[in-house]
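Student: Sending over a structure as structure tokens; questions will come in a sec.
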Amino acid sequence: MTAVSRTGVRESGPAGLSRWLTALCIATLLAAVGLRVVALRSDPYAGLSWSSALLTDEGFYTHNARNVALFGHARTDEFNNELIMPALHFVQVGVFRLFGAGVLQARAISVLLGLLSLPILFSALRRAMGVRVAAIATLFLGLDHVSLLYSRMALMDTPASFVAICAFAAWVRGVEREGKGGCWLVAAGALFGGLLAVRGLALFVFPASLIALSGGRREGLRRGLWICAGLCIALGAYLVLWWLPHRVELARADGFYILAQLSPHGPGAIRANLTNALFGYSQGMAAYLLRHSPVLAGLSIWYLLAVRPAAGRSPAERFLTAWLVIGWALLALTRYPAPRYYVLFYPALAGTAAIALDRLAAGERRTLSATGAGLFGGFAAYHLLLLALHDRHGVAAVILYGAPFVVAVAVYERCAHRTEALRRAPAHMLAAAIAAFLLLDGLWLGHWLTHLECRRSTEDCLLGRWAPSGTVMIGDAAPALCMDNGFVAAPVIPGLANDMAPLEQFAGSRRCVVIVEGRRNTGWWQSRYPGVISPGNRRFLFRSVAGLMVGVYPVPADVHATTQGEEQVYATTQGGER
């Protein structure tokens, strides 16, 4: 017996909610809560990213709120992260004032918002596409280790994802109310605009809401105007209350983050970025998704390439599809596609994977694109071989590029002659796919749980005991290693903040340089302060988060600048402060 939702989607069970789905939802919620709060002070999982941001960025994005809590004002140096995330900054300030400043309190914000995302996503998808899709998508988003482990970190991405999910839920409510959903659509538009105050990069979700309304011209136009009205209200408030008072500093920050860090520099860079995103191994987006979330990524790619529903896609389905495709395209073009950015499209990835699995389990007739199936088979084969061979040289290149072509042709021929057999997928695919997801994701989570470390907290405490009160910690690793102690931290980011005279601006205070060793910034420091950044002056060398090496260098009391040609070189006197 089946039930039919208001959107016309068939649901299983007399009331649309079978016992096993209820049990699945309860188990998912309990596991999602438990895994997010266990050992919350521990280091981020090293397997999450190749980027040093696993160590540095939590300190960066709690910097100003911590200053307010400890020193009574947000600015202690030139770095001002509240400029790009004012809404999240004010939340952090409130939490730190109530519960104190520390890594546990900062991470609790992401944990709470990540957990609240799950029932909101479930409610939205249940309204739009039925309880089975909602339950599967919630399972995927709640337990996938990438989304889960990033939601344990004090970054901007999980809060931005939460706002995007709330906007999607409001959009669904507005669309389902025929002619009466204006208030909900305005609220959705305002939430889209609010993303600019949490993480501006997440604004790519907004166009998806308009693309999804393309089905009905007049009604779609009216709804689109309601959404744009809400967006304009939010952007107007942001412009008056935040951008105008801080426009000079924001211009510099945006110039660094958007132009220098993210935007590709020329057609050649665009081609290289796209190639890396699709076919790269160590930092490729496709390789990362197929390695970390193979079930979700595989189902979503198969859904996008191989399946065209005969009845067309619903508005919510179009929204999720556009959300995913725009997110993939945008991050594929960027110069710095850090994996933490992927959190912004994981709700759409979970949703499209759930829809694909629901259709496989239902065994409904559909139009299957043989070409798309062939492309999917070739793409999957390529990345499996890439994972096995680890390189693209010599014979490996022939295998890597030749085998997928052969697989694609074979799958195409098979589909061309046996489309009827492939149109009907057995119902047990649902259980098999969920079992595969739980098994593979369980391996990742098991590896994380068996390799828990607290190096950052240990180093933080060691610095607190070793350095005198009032010491200023300076460098890219300083904020992260000062989240639980009382020192002033001054991050140095060349091209953005504290890069003119980082040591001189704190003259008169005890100072230490705390930097990630072996990265680009190390050479920057050595060229400017060779007397400070030297092996003989290094007091500590920590093996820190994700295996990153952190050096701690006391700064002598008298640091002066000399000029050689057009470049400043900084020297130190002997017998200085230790």
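Letters for chains follow the order of the structure tokens (A, B, ...), residue numbers begin at 1 for each chain, and ligand numbers begin at 1 in the order shown.
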Give me the residues within 10 Å of stretch 348-355 of chain A as a VMD selection string, counting only C-alpha atoms and dropping any in the same chain fewer than 5 places off.

Tutor: chain A and resid 121 to 122 125 129 to 130 132 to 142 144 165 205 293 295 to 304 316 to 325 327 342 to 343 360 to 361 430 434

Student: Env of stretch 89-105 of chain A: 8 Å cut, atoms = only C-alpha atoms, seq-sep filter 6 positions within chain, self excluded. Answer as number ranges by chain.

Tutor: A: 40-41, 62, 64-66, 68-70, 82, 154, 483-484

Student: Pick out each residue of stretch 47-243 of chain A that DSSP on the backbone tags as helix (DSSP H, G or I); I need them as a PyMOL selection string.

Tutor: chain A and resi 47-48+53-60+63-71+81-83+86-99+103-129+131-143+145-150+157-176+182-197+200-211+217-243

Student: With distances taken over only C-alpha atoms, which residue among A:Ala190, A:Ala208, A:Leu213, A:Ala202 lies nearest A:Met85?

Tutor: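 Smallest separation from A:Met85 among the options: A:Ala202.
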
Student: Give me the residues within 12 Å of A:Glu459 as a PyMOL selection string, counting only C-alpha atoms and dropping any in the same chain fewer than 2 places off.

Tutor: chain A and resi 43+55+453-457+461-467+477-478+480-485+514+540-545+549-552

Student: Quick one: residues within 12 Å of A:Glu176, only C-alpha atoms counted, chain neighbours fewer than 2 positions away excluded, as a PyMOL selection string?

Tutor: chain A and resi 5-8+124-129+169-174+178-182+184-185+213+219+223+314-316

Student: Record the distance separating atom CA of A:Leu438 and atom CA of A:Pro119, expressed in Å with one decimal.

Tutor: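 Atom-to-atom, atom CA of A:Leu438 to atom CA of A:Pro119, that is 19.9 Å.
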
Student: Figure out the distance between atom CA of A:Met473 and atom CA of A:Ala489, please, to one decimal in Å.

Tutor: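 Between atom CA of A:Ala489 and atom CA of A:Met473 the gap is 4.8 Å.
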
Student: As an exercise, work out the distance from atom CA of A:Trp242 to atom CA of A:Tyr336 in Å and give it to one decimal place.

Tutor: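 It comes out at 26.9 Å.
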
Student: Which is closest to A:Phe506 among A:Val555, A:Trp448, A:Gly531, A:Trp525, if we use only C-alpha atoms?

Tutor: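 Smallest distance to A:Phe506 is found for A:Val555.
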